[in-house]
Each structure stands twice: as C-alpha cells, then as structure tokens.
>>> print(open('query_18.txt').read())   # compact mmCIF, C-alpha atoms
# COMPACT_ATOMS: atom_id res chain seq x y z
CA MET A 415 0.00 0.00 0.00
CA THR A 416 1.26 3.49 -0.90
CA LEU A 417 -0.86 6.27 0.61
CA ILE A 418 -0.79 9.32 -1.68
CA ASN A 419 -3.57 11.43 -0.15
CA GLU A 420 -5.94 11.26 2.81
CA LYS A 421 -8.98 11.37 0.50
CA GLY A 422 -9.68 9.87 -2.90
CA ILE A 423 -9.88 6.50 -4.60
CA ASN A 424 -7.83 3.37 -3.97
CA ILE A 425 -6.45 2.45 -7.40
CA ALA A 426 -4.61 -0.61 -8.68
CA VAL A 427 -3.01 -1.01 -12.10
CA LEU A 428 -2.62 -4.62 -13.24
CA GLY A 429 0.00 -4.88 -15.97
CA ALA A 430 1.67 -1.75 -14.66
CA THR A 431 5.09 -2.52 -16.18
CA GLY A 432 3.85 -3.18 -19.73
CA GLN A 433 3.73 -0.81 -22.70
CA VAL A 434 0.15 0.38 -22.05
CA GLY A 435 0.60 0.20 -18.29
CA MET A 436 3.42 2.72 -18.55
CA VAL A 437 1.13 5.12 -20.39
CA MET A 438 -1.63 4.55 -17.81
CA ARG A 439 0.73 5.53 -15.00
CA ARG A 440 1.63 8.73 -16.81
CA ILE A 441 -1.99 9.61 -17.56
CA LEU A 442 -3.09 9.07 -13.95
CA ASP A 443 -0.52 11.71 -13.06
CA GLU A 444 -1.27 14.09 -15.96
CA ARG A 445 -5.01 14.11 -15.26
CA ASN A 446 -4.51 14.53 -11.52
CA PHE A 447 -6.67 11.49 -10.82
CA PRO A 448 -7.97 11.62 -7.21
CA VAL A 449 -5.69 8.86 -5.92
CA ARG A 450 -5.70 7.94 -2.27
CA ASP A 451 -3.76 4.69 -2.42
CA LEU A 452 -1.96 3.43 -5.53
CA ARG A 453 -0.81 -0.12 -6.17
CA PHE A 454 1.11 -1.50 -9.15
CA ILE A 455 0.52 -5.20 -9.81
CA ALA A 456 2.01 -7.51 -12.43
CA SER A 457 3.25 -11.05 -12.99
CA ALA A 458 5.89 -12.67 -10.83
CA HIS A 459 8.46 -11.74 -13.49
CA SER A 460 8.03 -8.02 -12.74
CA ALA A 461 7.26 -8.30 -9.02
CA GLY A 462 9.69 -6.48 -6.77
CA LYS A 463 10.53 -3.74 -9.26
CA LYS A 464 10.21 -0.23 -7.87
CA ILE A 465 8.48 2.49 -9.87
CA GLU A 466 8.42 6.16 -8.95
CA TRP A 467 5.08 7.97 -9.15
CA ARG A 468 4.64 11.57 -7.94
CA GLY A 469 7.69 11.27 -5.72
CA HIS A 470 6.57 7.96 -4.19
CA GLU A 471 8.48 4.74 -4.78
CA ILE A 472 5.97 1.95 -5.34
CA GLU A 473 7.00 -1.69 -5.36
CA VAL A 474 5.32 -3.88 -7.98
CA GLU A 475 3.29 -6.70 -6.44
CA ASP A 476 2.90 -10.25 -7.72
CA VAL A 477 -0.76 -10.70 -8.65
CA GLU A 478 -0.66 -14.31 -7.43
CA LYS A 479 0.26 -13.17 -3.92
CA ALA A 480 -1.44 -9.78 -3.70
CA ASP A 481 -4.13 -9.02 -1.12
CA LEU A 482 -6.99 -7.71 -3.27
CA SER A 483 -9.01 -6.19 -0.47
CA GLY A 484 -9.45 -2.42 -0.21
CA ILE A 485 -9.15 -1.68 -3.95
CA ASP A 486 -11.90 0.60 -5.28
CA ILE A 487 -11.00 0.56 -8.99
CA ALA A 488 -8.54 -1.74 -10.77
CA ILE A 489 -7.37 -0.85 -14.26
CA PHE A 490 -6.25 -3.92 -16.23
CA SER A 491 -3.83 -4.04 -19.13
CA ALA A 492 -2.52 -7.57 -18.97
CA GLY A 493 -4.12 -9.61 -21.77
CA GLY A 494 -7.31 -11.60 -22.14
CA GLY A 495 -6.18 -14.74 -20.31
CA THR A 496 -5.05 -12.77 -17.28
CA SER A 497 -8.24 -10.76 -17.30
CA LYS A 498 -10.43 -13.86 -17.57
CA LYS A 499 -8.78 -15.26 -14.47
CA TRP A 500 -8.35 -12.15 -12.35
CA ALA A 501 -11.13 -9.67 -13.19
CA PRO A 502 -13.77 -11.77 -11.35
CA GLU A 503 -11.40 -12.15 -8.41
CA PHE A 504 -10.83 -8.40 -8.11
CA ALA A 505 -14.58 -7.80 -8.49
CA LYS A 506 -15.36 -10.42 -5.84
CA ALA A 507 -12.98 -8.59 -3.51
CA GLY A 508 -14.98 -5.38 -4.04
CA ALA A 509 -13.22 -3.54 -6.86
CA PHE A 510 -14.67 -2.16 -10.05
CA VAL A 511 -12.49 -3.46 -12.89
CA VAL A 512 -11.76 -1.47 -16.06
CA ASP A 513 -10.40 -4.05 -18.48
CA ASN A 514 -8.37 -3.24 -21.58
CA SER A 515 -8.45 -6.72 -23.16
CA SER A 516 -11.06 -8.23 -25.48
CA GLN A 517 -12.15 -10.78 -22.86
CA TRP A 518 -15.31 -9.07 -21.56
CA ARG A 519 -16.36 -6.68 -24.34
CA LEU A 520 -19.34 -8.59 -25.66
CA HIS A 521 -20.64 -9.95 -22.36
CA ASP A 522 -24.19 -8.73 -21.77
CA ASP A 523 -23.56 -7.73 -18.14
CA VAL A 524 -20.36 -5.80 -18.96
CA PRO A 525 -20.66 -2.21 -20.26
CA LEU A 526 -18.44 -1.43 -23.26
CA VAL A 527 -17.73 2.27 -23.09
CA VAL A 528 -15.97 5.13 -24.85
CA ALA A 529 -15.88 8.00 -22.36
CA GLU A 530 -17.15 10.68 -24.76
CA VAL A 531 -19.74 8.43 -26.41
CA ASN A 532 -21.77 6.36 -23.92
CA PRO A 533 -20.75 7.25 -20.32
CA ASP A 534 -24.32 6.67 -19.09
CA ASP A 535 -23.77 2.95 -19.62
CA LEU A 536 -21.69 3.13 -16.41
CA ASP A 537 -24.68 4.07 -14.25
CA VAL A 538 -25.22 0.38 -13.48
CA ILE A 539 -22.39 -2.17 -13.64
CA PRO A 540 -23.89 -5.56 -12.69
CA SER A 541 -20.67 -7.58 -12.85
CA LYS A 542 -18.46 -4.73 -11.55
CA ILE A 543 -16.43 -5.23 -14.75
CA VAL A 544 -16.24 -2.56 -17.49
CA ALA A 545 -14.62 -3.13 -20.89
CA ASN A 546 -12.42 -0.81 -22.91
CA PRO A 547 -13.12 -1.14 -26.68
CA ASN A 548 -10.58 -2.21 -29.26
CA CYS A 549 -8.29 0.59 -30.43
CA THR A 550 -9.81 0.75 -33.93
CA THR A 551 -13.34 1.00 -32.53
CA MET A 552 -12.12 3.59 -30.04
CA ALA A 553 -10.70 5.82 -32.75
CA CYS A 554 -13.89 5.70 -34.82
CA MET A 555 -16.54 6.06 -32.15
CA PRO A 556 -16.30 9.78 -31.19
CA VAL A 557 -16.57 10.74 -34.87
CA VAL A 558 -19.18 8.15 -35.85
CA LYS A 559 -21.36 8.72 -32.76
CA ALA A 560 -21.70 12.44 -33.45
CA LEU A 561 -22.60 11.81 -37.09
CA SER A 562 -24.94 8.97 -36.19
CA ASP A 563 -26.87 11.13 -33.71
CA ALA A 564 -27.27 13.86 -36.32
CA PHE A 565 -27.96 11.84 -39.47
CA GLY A 566 -28.83 8.25 -38.49
CA LEU A 567 -26.06 5.76 -39.24
CA LYS A 568 -26.95 2.79 -41.48
CA ARG A 569 -23.68 1.29 -42.65
CA LEU A 570 -19.92 1.50 -42.05
CA ILE A 571 -17.11 0.31 -44.30
CA VAL A 572 -13.68 0.83 -42.75
CA SER A 573 -10.13 0.09 -43.85
CA SER A 574 -7.67 0.41 -41.00
CA TYR A 575 -4.00 1.34 -41.23
CA GLN A 576 -2.72 0.15 -37.88
CA ALA A 577 0.57 0.98 -36.19
CA VAL A 578 2.97 -1.70 -35.01
CA SER A 579 2.65 -0.65 -31.36
CA GLY A 580 -0.78 -2.29 -31.54
CA ALA A 581 1.12 -5.57 -31.66
CA GLY A 582 2.99 -4.72 -28.46
CA ARG A 583 6.62 -3.95 -27.81
CA ASN A 584 7.73 -6.86 -30.03
CA GLY A 585 5.91 -5.28 -32.98
CA VAL A 586 7.81 -2.04 -32.39
CA LEU A 587 11.12 -3.90 -32.23
CA GLN A 588 10.35 -5.80 -35.44
CA LEU A 589 9.78 -2.57 -37.37
CA MET A 590 12.85 -0.91 -35.86
CA ASN A 591 15.14 -3.86 -36.64
CA GLU A 592 13.80 -4.29 -40.17
CA ALA A 593 14.07 -0.58 -40.94
CA LYS A 594 17.63 -0.52 -39.64
CA ALA A 595 18.57 -3.51 -41.80
CA ALA A 596 17.04 -1.88 -44.87
CA VAL A 597 18.77 1.47 -44.36
CA GLU A 598 22.12 -0.25 -43.82
CA GLN A 599 21.72 -2.21 -47.07
CA GLY A 600 20.36 0.70 -49.12
CA ALA A 601 16.59 0.84 -48.66
CA ASP A 602 16.07 2.58 -52.01
CA LYS A 603 16.83 -0.75 -53.72
CA LEU A 604 13.25 -1.66 -52.81
CA VAL A 605 12.09 0.76 -55.52
CA PHE A 606 12.83 -1.90 -58.11
CA ASP A 607 12.86 -5.20 -56.22
CA GLY A 608 10.93 -6.20 -53.08
CA GLU A 609 13.51 -8.90 -52.40
CA ALA A 610 16.54 -6.61 -52.69
CA ILE A 611 16.91 -6.34 -48.90
CA ASP A 612 17.84 -9.20 -46.60
CA PHE A 613 15.30 -8.52 -43.86
CA PRO A 614 15.40 -10.28 -40.49
CA GLU A 615 12.84 -13.07 -40.12
CA PRO A 616 9.50 -11.61 -38.90
CA SER A 617 9.34 -11.94 -35.12
CA LYS A 618 5.83 -10.68 -34.28
CA ILE A 619 3.95 -9.42 -37.34
CA VAL A 620 3.34 -12.21 -39.86
CA LYS A 621 5.19 -10.53 -42.74
CA THR A 622 7.95 -7.95 -43.09
CA ILE A 623 6.45 -4.64 -41.94
CA ALA A 624 9.18 -2.09 -42.70
CA PHE A 625 8.27 -0.18 -45.90
CA ASN A 626 5.32 -2.53 -46.25
CA ALA A 627 1.61 -3.05 -45.54
CA VAL A 628 0.31 -6.35 -44.17
CA PRO A 629 -3.47 -6.92 -44.58
CA PHE A 630 -3.75 -9.41 -41.74
CA ILE A 631 -4.20 -8.66 -38.03
CA GLY A 632 -5.44 -11.16 -35.47
CA ASP A 633 -6.70 -14.66 -36.19
CA ILE A 634 -9.15 -16.00 -38.76
CA VAL A 635 -12.55 -16.53 -37.12
CA ASP A 636 -13.93 -20.06 -37.39
CA ASP A 637 -17.35 -19.04 -38.72
CA GLY A 638 -16.88 -19.24 -42.49
CA SER A 639 -16.63 -15.46 -42.91
CA GLU A 640 -12.86 -15.52 -43.57
CA GLU A 641 -12.62 -12.37 -41.45
CA THR A 642 -10.12 -11.97 -38.64
CA ASP A 643 -11.25 -11.40 -35.08
CA GLU A 644 -9.71 -7.91 -35.32
CA GLU A 645 -11.98 -7.14 -38.28
CA GLN A 646 -15.08 -8.41 -36.51
CA LYS A 647 -14.41 -6.32 -33.42
CA LEU A 648 -15.28 -3.09 -35.21
CA ARG A 649 -18.72 -4.37 -36.22
CA ASN A 650 -19.60 -6.10 -32.96
CA GLU A 651 -18.27 -3.40 -30.65
CA SER A 652 -19.76 -0.53 -32.68
CA ARG A 653 -23.19 -2.14 -32.47
CA LYS A 654 -22.95 -2.39 -28.68
CA ILE A 655 -21.49 1.08 -28.03
CA LEU A 656 -23.87 2.89 -30.39
CA HIS A 657 -26.88 0.80 -29.30
CA LEU A 658 -27.44 -0.12 -32.96
CA PRO A 659 -27.69 -3.93 -32.87
CA GLU A 660 -28.48 -4.21 -36.59
CA LEU A 661 -25.72 -1.88 -37.83
CA LYS A 662 -24.12 -3.11 -41.04
CA ALA A 663 -20.36 -2.82 -40.81
CA SER A 664 -17.32 -4.29 -42.51
CA CYS A 665 -13.64 -3.74 -41.80
CA THR A 666 -10.35 -4.71 -43.45
CA CYS A 667 -7.47 -4.42 -40.99
CA VAL A 668 -4.00 -3.61 -42.32
CA ARG A 669 -0.77 -3.30 -40.35
CA ILE A 670 1.58 -0.62 -41.69
CA GLY A 671 5.14 0.44 -40.93
CA VAL A 672 4.22 3.21 -38.47
CA PHE A 673 5.17 3.10 -34.80
CA THR A 674 2.09 4.64 -33.16
CA SER A 675 -1.39 5.88 -34.14
CA HIS A 676 -3.92 4.04 -36.23
CA GLY A 677 -5.46 5.54 -39.35
CA MET A 678 -8.86 4.64 -40.74
CA SER A 679 -10.51 5.26 -44.07
CA VAL A 680 -14.27 5.35 -43.42
CA ASN A 681 -17.28 5.20 -45.72
CA ALA A 682 -20.48 5.85 -43.78
CA GLU A 683 -24.05 5.70 -45.07
CA PHE A 684 -26.86 7.53 -43.27
CA GLU A 685 -30.67 7.62 -43.12
CA LYS A 686 -30.74 11.39 -43.72
CA ASP A 687 -29.03 13.55 -46.30
CA VAL A 688 -25.70 14.98 -45.18
CA THR A 689 -23.11 17.19 -46.84
CA PRO A 690 -19.44 17.50 -45.90
CA ASP A 691 -20.06 21.03 -44.58
CA GLU A 692 -22.91 19.80 -42.40
CA ALA A 693 -20.71 17.00 -41.10
CA ARG A 694 -17.90 19.42 -40.30
CA LYS A 695 -20.32 21.61 -38.37
CA VAL A 696 -21.45 18.65 -36.26
CA LEU A 697 -17.90 17.37 -35.70
CA SER A 698 -16.58 20.80 -34.72
CA ASN A 699 -18.58 20.46 -31.48
CA ALA A 700 -18.11 16.73 -30.91
CA PRO A 701 -16.21 15.75 -27.73
CA GLY A 702 -12.96 13.89 -28.39
CA VAL A 703 -12.83 15.02 -32.03
CA GLU A 704 -10.53 17.51 -33.76
CA LEU A 705 -11.07 18.61 -37.36
CA THR A 706 -8.00 18.95 -39.55
CA ASP A 707 -7.20 19.04 -43.25
CA ILE A 708 -4.99 15.93 -43.60
CA PRO A 709 -4.96 13.66 -40.53
CA THR A 710 -1.78 11.61 -40.17
CA PRO A 711 -0.42 9.15 -37.58
CA LEU A 712 2.42 11.50 -36.62
CA MET A 713 -0.12 14.24 -35.97
CA ALA A 714 -2.04 11.99 -33.57
CA ALA A 715 0.88 10.35 -31.75
CA GLY A 716 0.92 11.49 -28.13
CA LYS A 717 -2.35 13.39 -28.53
CA THR A 718 -5.83 12.68 -27.19
CA PRO A 719 -8.42 13.45 -29.92
CA SER A 720 -9.51 11.51 -32.97
CA PHE A 721 -8.28 13.74 -35.79
CA VAL A 722 -10.65 13.68 -38.76
CA GLY A 723 -10.34 15.20 -42.22
CA ARG A 724 -10.62 14.56 -45.97
CA ILE A 725 -14.40 14.69 -45.45
CA ARG A 726 -16.21 14.36 -48.76
CA GLN A 727 -19.43 13.08 -50.31
CA ASP A 728 -19.34 9.32 -50.89
CA GLN A 729 -19.86 9.02 -54.64
CA ALA A 730 -20.86 5.36 -54.33
CA VAL A 731 -24.00 6.18 -52.29
CA ASP A 732 -27.11 7.53 -53.98
CA GLY A 733 -28.12 11.10 -53.21
CA LYS A 734 -26.34 12.78 -50.30
CA LYS A 735 -26.61 9.97 -47.80
CA GLY A 736 -22.95 8.95 -47.74
CA LEU A 737 -19.67 10.41 -46.49
CA SER A 738 -16.04 9.40 -46.93
CA PHE A 739 -13.43 10.56 -44.45
CA PHE A 740 -10.11 9.65 -42.85
CA LEU A 741 -9.24 9.72 -39.17
CA THR A 742 -6.23 9.02 -36.95
CA ASN A 743 -5.89 8.37 -33.24
CA ASP A 744 -3.10 7.36 -30.87
CA ASN A 745 -3.76 3.67 -30.22
CA LEU A 746 -1.69 3.58 -27.02
CA ARG A 747 -3.03 6.77 -25.50
CA LYS A 748 -6.75 7.16 -26.22
CA GLY A 749 -6.94 3.73 -27.85
CA ALA A 750 -6.03 2.02 -24.60
CA ALA A 751 -4.67 3.89 -21.58
CA LEU A 752 -6.49 7.22 -21.65
CA ASN A 753 -9.98 5.82 -22.13
CA ALA A 754 -9.39 3.34 -19.31
CA VAL A 755 -8.43 6.17 -16.96
CA GLN A 756 -11.39 8.26 -18.16
CA LEU A 757 -13.72 5.34 -17.38
CA ALA A 758 -12.17 5.10 -13.92
CA GLU A 759 -12.86 8.84 -13.49
CA ILE A 760 -16.51 8.38 -14.48
CA ILE A 761 -16.89 5.40 -12.13
CA ALA A 762 -15.37 7.49 -9.34
CA GLN A 763 -17.86 10.28 -9.96
CA LYS A 764 -20.87 7.96 -10.25
CA HIS A 765 -20.06 5.46 -7.51
CA PHE A 766 -17.60 7.15 -5.10
CA ALA A 767 -18.79 10.76 -5.14
CA ASP A 768 -18.52 10.99 -1.35
CA ARG A 769 -14.77 10.30 -1.58
CA LEU A 770 -13.97 13.15 -3.98
>>> encode(input="query_18.txt", output="structure tokens")
Amino acid sequence: MTLINEKGINIAVLGATGQVGMVMRRILDERNFPVRDLRFIASAHSAGKKIEWRGHEIEVEDVEKADLSGIDIAIFSAGGGTSKKWAPEFAKAGAFVVDNSSQWRLHDDVPLVVAEVNPDDLDVIPSKIVANPNCTTMACMPVVKALSDAFGLKRLIVSSYQAVSGAGRNGVLQLMNEAKAAVEQGADKLVFDGEAIDFPEPSKIVKTIAFNAVPFIGDIVDDGSEETDEEQKLRNESRKILHLPELKASCTCVRIGVFTSHGMSVNAEFEKDVTPDEARKVLSNAPGVELTDIPTPLMAAGKTPSFVGRIRQDQAVDGKKGLSFFLTNDNLRKGAALNAVQLAEIIAQKHFADRL
C-alpha cells in the first residue's frame, strides 16, 4: 500500500510494467486522478521492481500473492487470459475493474464504453467489470457517434491502417530492426525489387512490416466469414457502443510500418441527407474530435483526440446519404490507456462521489 492522499480513490493497475501500463501511470498523473492509495501489480516476473510515481516509490506486487481487499478501482492491461482469471477475483474482492483486453467486451452484463460516447452505460455495472473497446473502434466512435446522432447511421465500411505498437513492444522492435537492416543495405533498392533487402525473419507481425503493408491482423474466425477477429471487433463493438444492434459494418485491418497511431478510411451511409459542410459543423462540437485538413499518424501520436479530415461526399452512395473521411488516433493513449483512466474517473464520480 502506498498512501498518496488522505482522501480519494484506492487504485490498482494490473500490468503496470507493460507498454500500455506505462502510459496509464503517466496519464493518472497528468489528469490529476484523485488517488488515495496506488498499487502496481504484475506477474511474478516483474514483481519487486520499484516504480516512482509523484515522488513515491511503489513496489510492484505479484498478482498471485497480492491481497486484493481495499481496492476501489482496478485498471487492467494484462491480456485476455489474465483478465479472464483475475477480473472476477478483483470484483469479488470489491473492486470495479476497467479491463483493456477483449475478454469481456461482448458480455451482456459488462458495459463497453468510450468516455465521450456512452458514459451513461456506467450508471449500473452488474458484474463490476467494465470493458475498454478495441483501439480501432475507439478511434472511430467519437466521430461516428456524433454523425450517427445527427444523421442516423446505417452502414460502415472501414479500412484500418494500424501501427505496429498495436502488436505490443515486439511489434515495435520488429519494425525498428527491419528498418535498420534496410537502411544499412540501401533501402532505395526496394524501388525496383521487393527482395533486394535481406530482412530479419518476422518476429511478431506475420510478414515484413518495414516499408510494407500487411493486410492481416489477429486470427481467422472459425465461422466461415474468412474475417479476422480484429476485423469483426469493429462491427460487434460498434453495435454495442452505439446501441445499434443491426448496424451493417465491414472492416479490413491492415498493419503498416508506423510506430504509433492508427489511421482509418471510413465510408459511412446515413438515413438522412448529409453534406461535408454539415458533417464538419457537427464534428466541430463533438467531444474527443478535432477537425483537420490531412490527418496523419504522426499528428495523432501522443495526442488525445480523434483527428478527422478529408471529409467528402461518398460518390458510391445515392443522393447525399454517404460520407467518406479519414481519421487518426493514438492507439496507445486514447486507444487504450487514456480511455481506461477516463472510465475510472466516471466510475469514481458515479459510484464514489462521497470520496472526492
């Protein structure tokens, strides 16, 4: 236990030493979260490490040995298997759990929430577990929700351009090592021959990712669709978050040689007529959204909003009922860590108001 303040919320971060956990620790500090007691918890491999937070040295606890009592909110970033095992245990001990894995997202008794989109879904949390959406869904939702409320969303077609950090630290290292090998051998040889560079064997992403695009993320779903689970997440999660159970949606997920921030090309069809100017007017007031001319991953990296631009009439939809646009969002920050902390803030306000 590390007492930070006399008042506030008792917080635990499970997976505190991982890539997203590091960002969560920083965001808790940046947003001045009302922390009373703060605990960092991880696997036995990381247990015993000491991490400084606001001048306090906090020792990382082994989840297998940790006393789970007294935790108000636990923020998880430790993978689906870990969450499946430990989220019910933390909840049984009295904590609300904000989980960043895919384990609980489609469970009926688990709210799936983007802070700016459907915070009222946190009024009642039957299982005491709350799910953070997938990073692609997260990037789209603030933009799509605002347009859906104004014009009535019917259909989404999305092509994602996802950064290697979405594959974890090993994805980042694969890109870095491949890019280094290419530069050392003369990367411009790739102009004429895709086999001109002797790349290291792929270590995380299924194909070479440096100077490349790989249209395969996740695992093929065993339902005959030939989609990956990553591609199905956008449809299934969007339906739940937007409360549109019949929403038609299709996604093709592509990994590209960018370190952080996912990009998405979106074609959206609506019930009502909409023009690009009308869409821009709506989006200019949408929480979590920033309009720009040309949204890029570098623009979004380290930032909070979903940047949206290139808004134009979809020429493949009759009348004025379709829009095409591009958006980018930091998949580590808002796509994982920030939204989880925002959900913890909302839970604190709704369920621990007397502590604040």
>>> closest_atom_pairs(input="query_18.txt", of="stretch 640-757 of chain A", to="stretch 509-517 of chain A", cutoff="9 Å", atoms="only C-alpha atoms", output="Markdown table")
| residue | atom | partner | partner_atom | distance |
| --- | --- | --- | --- | --- |
| A:Lys647 | CA | A:Ser516 | CA | 8.8 |
| A:Ala750 | CA | A:Asn514 | CA | 6.5 |
| A:Ala751 | CA | A:Asn514 | CA | 8.0 |
| A:Ala754 | CA | A:Val512 | CA | 6.3 |
| A:Val755 | CA | A:Val512 | CA | 8.4 |
| A:Leu757 | CA | A:Val512 | CA | 7.2 |
>>> residues_around(input="query_18.txt", residues="A:Ala461", least_positions_apart="5", cutoff="8 Å", atoms="all atoms listed in the file", output="MDAnalysis selection string")
chainID A and resid 455:456 473:476
>>> residues_around(input="query_18.txt", residues="stretch 545-555 of chain A", least_positions_apart="5", cutoff="9 Å", atoms="all atoms listed in the file", output="mmCIF file with C-alpha atoms, in the frame of the given file")
data_model
loop_
_atom_site.group_PDB
_atom_site.id
_atom_site.type_symbol
_atom_site.label_atom_id
_atom_site.label_comp_id
_atom_site.auth_asym_id
_atom_site.auth_seq_id
_atom_site.Cartn_x
_atom_site.Cartn_y
_atom_site.Cartn_z
ATOM 1 C CA VAL A 511 -12.490 -3.460 -12.890
ATOM 2 C CA VAL A 512 -11.760 -1.470 -16.060
ATOM 3 C CA ASP A 513 -10.400 -4.050 -18.480
ATOM 4 C CA ASN A 514 -8.370 -3.240 -21.580
ATOM 5 C CA SER A 515 -8.450 -6.720 -23.160
ATOM 6 C CA SER A 516 -11.060 -8.230 -25.480
ATOM 7 C CA GLN A 517 -12.150 -10.780 -22.860
ATOM 8 C CA TRP A 518 -15.310 -9.070 -21.560
ATOM 9 C CA ARG A 519 -16.360 -6.680 -24.340
ATOM 10 C CA LEU A 520 -19.340 -8.590 -25.660
ATOM 11 C CA VAL A 524 -20.360 -5.800 -18.960
ATOM 12 C CA PRO A 525 -20.660 -2.210 -20.260
ATOM 13 C CA LEU A 526 -18.440 -1.430 -23.260
ATOM 14 C CA VAL A 527 -17.730 2.270 -23.090
ATOM 15 C CA VAL A 528 -15.970 5.130 -24.850
ATOM 16 C CA GLU A 530 -17.150 10.680 -24.760
ATOM 17 C CA VAL A 531 -19.740 8.430 -26.410
ATOM 18 C CA ALA A 560 -21.700 12.440 -33.450
ATOM 19 C CA SER A 574 -7.670 0.410 -41.000
ATOM 20 C CA GLN A 576 -2.720 0.150 -37.880
ATOM 21 C CA GLY A 580 -0.780 -2.290 -31.540
ATOM 22 C CA GLU A 644 -9.710 -7.910 -35.320
ATOM 23 C CA LYS A 647 -14.410 -6.320 -33.420
ATOM 24 C CA LEU A 648 -15.280 -3.090 -35.210
ATOM 25 C CA ARG A 649 -18.720 -4.370 -36.220
ATOM 26 C CA GLU A 651 -18.270 -3.400 -30.650
ATOM 27 C CA SER A 652 -19.760 -0.530 -32.680
ATOM 28 C CA ILE A 655 -21.490 1.080 -28.030
ATOM 29 C CA LEU A 656 -23.870 2.890 -30.390
ATOM 30 C CA HIS A 676 -3.920 4.040 -36.230
ATOM 31 C CA GLY A 677 -5.460 5.540 -39.350
ATOM 32 C CA MET A 678 -8.860 4.640 -40.740
ATOM 33 C CA VAL A 680 -14.270 5.350 -43.420
ATOM 34 C CA PRO A 719 -8.420 13.450 -29.920
ATOM 35 C CA SER A 720 -9.510 11.510 -32.970
ATOM 36 C CA PHE A 721 -8.280 13.740 -35.790
ATOM 37 C CA LEU A 741 -9.240 9.720 -39.170
ATOM 38 C CA THR A 742 -6.230 9.020 -36.950
ATOM 39 C CA ASN A 743 -5.890 8.370 -33.240
ATOM 40 C CA ASP A 744 -3.100 7.360 -30.870
ATOM 41 C CA ASN A 745 -3.760 3.670 -30.220
ATOM 42 C CA LEU A 746 -1.690 3.580 -27.020
ATOM 43 C CA LYS A 748 -6.750 7.160 -26.220
ATOM 44 C CA GLY A 749 -6.940 3.730 -27.850
ATOM 45 C CA ALA A 750 -6.030 2.020 -24.600
ATOM 46 C CA ASN A 753 -9.980 5.820 -22.130
ATOM 47 C CA ALA A 754 -9.390 3.340 -19.310
ATOM 48 C CA LEU A 757 -13.720 5.340 -17.380
#
>>> closest_residue(input="query_18.txt", among="A:Phe447, A:Ala430, A:Asp636, A:Leu417", to="A:Leu770", atoms="only C-alpha atoms")
A:Phe447
>>> atom_distance(input="query_18.txt", atom1="atom CA of A:Ile725", atom2="atom CA of A:Val558")
12.6 Å
>>> residues_around(input="query_18.txt", residues="stretch 726-739 of chain A", least_positions_apart="5", cutoff="8 Å", atoms="only C-alpha atoms", output="VMD selection string")
chain A and resid 679 to 690
>>> atom_distance(input="query_18.txt", atom1="atom CA of A:Asn650", atom2="atom CA of A:Leu570")
11.9 Å
>>> atom_distance(input="query_18.txt", atom1="atom CA of A:Glu645", atom2="atom CA of A:Glu615")
25.6 Å
>>> residues_near_point(input="query_18.txt", point="(-16.8, 15.8, -35.2)", cutoff="9 Å", atoms="all atoms listed in the file", output="list in words")
Pro556, Val557, Val558, Lys559, Ala560, Leu561, Ala693, Arg694, Lys695, Val696, Leu697, Ser698, Asn699, Ala700, Pro701, Gly702, Val703, Glu704, Leu705, Ser720, Phe721 and Val722 of chain A
>>> closest_residue(input="query_18.txt", among="A:Ile634, A:Leu452, A:Ile611, A:Val672", to="A:Ile418", atoms="all atoms listed in the file")
A:Leu452
>>> closest_residue(input="query_18.txt", among="A:Glu609, A:Gly671, A:Asn532, A:Ser579", to="A:Gln433", atoms="all atoms listed in the file")
A:Ser579
>>> decode(input="query_18.txt", residues="stretch 476-507 of chain A", atoms="C-alpha atoms", output="PDB file, in the first residue's frame")
ATOM      1  CA  ASP A 476       2.902 -10.248  -7.720  1.00  0.00           C
ATOM      2  CA  VAL A 477      -0.762 -10.704  -8.652  1.00  0.00           C
ATOM      3  CA  GLU A 478      -0.664 -14.311  -7.432  1.00  0.00           C
ATOM      4  CA  LYS A 479       0.262 -13.172  -3.921  1.00  0.00           C
ATOM      5  CA  ALA A 480      -1.444  -9.782  -3.696  1.00  0.00           C
ATOM      6  CA  ASP A 481      -4.129  -9.016  -1.117  1.00  0.00           C
ATOM      7  CA  LEU A 482      -6.988  -7.712  -3.273  1.00  0.00           C
ATOM      8  CA  SER A 483      -9.012  -6.186  -0.466  1.00  0.00           C
ATOM      9  CA  GLY A 484      -9.446  -2.421  -0.211  1.00  0.00           C
ATOM     10  CA  ILE A 485      -9.149  -1.684  -3.953  1.00  0.00           C
ATOM     11  CA  ASP A 486     -11.902   0.596  -5.278  1.00  0.00           C
ATOM     12  CA  ILE A 487     -10.998   0.556  -8.987  1.00  0.00           C
ATOM     13  CA  ALA A 488      -8.543  -1.737 -10.766  1.00  0.00           C
ATOM     14  CA  ILE A 489      -7.371  -0.854 -14.264  1.00  0.00           C
ATOM     15  CA  PHE A 490      -6.254  -3.921 -16.231  1.00  0.00           C
ATOM     16  CA  SER A 491      -3.825  -4.038 -19.127  1.00  0.00           C
ATOM     17  CA  ALA A 492      -2.523  -7.567 -18.974  1.00  0.00           C
ATOM     18  CA  GLY A 493      -4.118  -9.606 -21.775  1.00  0.00           C
ATOM     19  CA  GLY A 494      -7.306 -11.602 -22.138  1.00  0.00           C
ATOM     20  CA  GLY A 495      -6.184 -14.741 -20.311  1.00  0.00           C
ATOM     21  CA  THR A 496      -5.051 -12.775 -17.280  1.00  0.00           C
ATOM     22  CA  SER A 497      -8.241 -10.762 -17.297  1.00  0.00           C
ATOM     23  CA  LYS A 498     -10.430 -13.862 -17.572  1.00  0.00           C
ATOM     24  CA  LYS A 499      -8.781 -15.264 -14.473  1.00  0.00           C
ATOM     25  CA  TRP A 500      -8.350 -12.153 -12.345  1.00  0.00           C
ATOM     26  CA  ALA A 501     -11.126  -9.672 -13.188  1.00  0.00           C
ATOM     27  CA  PRO A 502     -13.768 -11.768 -11.346  1.00  0.00           C
ATOM     28  CA  GLU A 503     -11.398 -12.153  -8.406  1.00  0.00           C
ATOM     29  CA  PHE A 504     -10.830  -8.398  -8.109  1.00  0.00           C
ATOM     30  CA  ALA A 505     -14.579  -7.798  -8.494  1.00  0.00           C
ATOM     31  CA  LYS A 506     -15.362 -10.419  -5.844  1.00  0.00           C
ATOM     32  CA  ALA A 507     -12.976  -8.592  -3.506  1.00  0.00           C
TER      33      ALA A 507
END
